[in-house]
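K.L.:
Got a structure here, written out as structure tokens. Questions coming.
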Amino acid sequence: MNSLKQAEKPWKQALYIYVNQYNQNRVDYSSGLKEQIVADLNFLVERGERQFRLQSWYELREATPLKSETRARLQRVLRETEDDVVADVRLHSVFYYEKRGMTHREDTVSRERLTLIRDGEAWLIVGIERLQDERHPLQRTDASFTGQDSAGREPSTPFMNGRVYSAGSSPRSGRYEREAAAAYADRWWDSGNPEFEEFDVDCTNYISQCLFAGKAPILYTGKRETGWWYKGYVSKREWWSYSWAVSNSFAHYLNSSTSGLRAERVERPEQLMLGDVIVYDWDGDGAFQHSTIVTAFDAGGMPLVNAHTVSSRHRYWDYRDSYVMERQHRVSVLPYTRLFLR
């Protein structure tokens, strides 16, 4: 944040104060604020409700907040005049908390669009828009896709080792390498592997890559509505299965697969193992909109997860700190899913 603090433009000082307040609110909301820089009333009400809820959440988790450190990076300025500014900011927050004598670290990356106006000699933030939202699944409208390219030819086999695509005798039909999946998740938690496409809603694409890194076998069908496979862009057409990139299709594939990568639901989150996955139904309608992978455990044995879209590393599994929870009251984080190969 130092680059913003030391900048000559006065409105950037408002961003510095905003980040300091964010850190203060995360650790000790009851202390109040010395200077209010945000004049977005909807945001203030939402933040107050969230912080009140998080205090009870920490108690249930037996977690004591220690400190929050946030780095802000100005990504672009959409408008700048003498009286107002609209800017996109990337916020990387590192949150430390203590549980049962052990200190844990959680990372999240969020992106916000801030609208600032000049009020005399001061600048106020009058609008805060989150540019990434965990509520919305990746939507696809090409459900009629038949597996043929624009010339009417059947797609070719992906240019990868053919043994990857069979389940029985393939080297990938043995043990799911959980440590490798978790290591990949930690390596790419805050960025996209340039060898793959990166989506605006990237959570399931990221999880699929993690599972593949753990030696999960591809089930290639050439049809987007079946199997679990990725090929990238070919002849300007998207070539990957819905199950690779869409949370609800991913959950359905895991639930119905009878060979290769399979899954079973467990009754409690503490039964999960490293490299297992959790899918989330934010509105309780039976359709899943978000996917995460277990990459660590807290001092009480509860899973910590990584995710994309709102990029997170070692985040507490139940997402009770998500802004989704302010608007949804029927949230389901089932199924907790344990993976294996057969």
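In the structure tokens, chains take the letters A, B, ... in the order shown, each chain's residues start at 1, and ligands count up from 1 in the order shown.
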Find the nearest atom pair between each residue of stretch 217-306 of chain A and stretch 195-208 of chain A for residues within 6 Å, count only C-alpha atoms, give distances in Å to one decimal, sort rows by chain and ascending number, and present the table as JSON lines.
P.N.:
```
{"residue": "A:Trp244", "atom": "CA", "partner": "A:Asn205", "partner_atom": "CA", "distance": 5.7}
{"residue": "A:Ala245", "atom": "CA", "partner": "A:Asn205", "partner_atom": "CA", "distance": 4.4}
{"residue": "A:Val246", "atom": "CA", "partner": "A:Thr204", "partner_atom": "CA", "distance": 5.8}
{"residue": "A:Ser247", "atom": "CA", "partner": "A:Thr204", "partner_atom": "CA", "distance": 5.6}
{"residue": "A:Ser291", "atom": "CA", "partner": "A:Thr204", "partner_atom": "CA", "distance": 5.6}
```
K.L.:
Which is closest to A:Glu177 among A:Gly260, A:Pro269, A:Gly48, A:Gly275, if we use only C-alpha atoms?
P.N.:
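That would be A:Gly275, the residue with the smallest distance to A:Glu177.
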K.L.:
So how many Å separate atom CA of A:Trp239 and atom CA of A:Glu225, to one decimal?
P.N.:
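Atom-to-atom, atom CA of A:Trp239 and atom CA of A:Glu225 are spaced 11.2 Å apart.
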K.L.:
Between atom CA of A:Ala72 and atom CA of A:Leu304, measure the distance and give it in Å to one decimal.
P.N.:
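Answer for the atom CA of A:Ala72 to atom CA of A:Leu304 separation: 24.4 Å.
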K.L.:
What gap, in Å, lies between atom CA of A:Asn42 and atom CA of A:Glu80?
P.N.:
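Atom-to-atom, atom CA of A:Asn42 and atom CA of A:Glu80 are spaced 23.7 Å apart.
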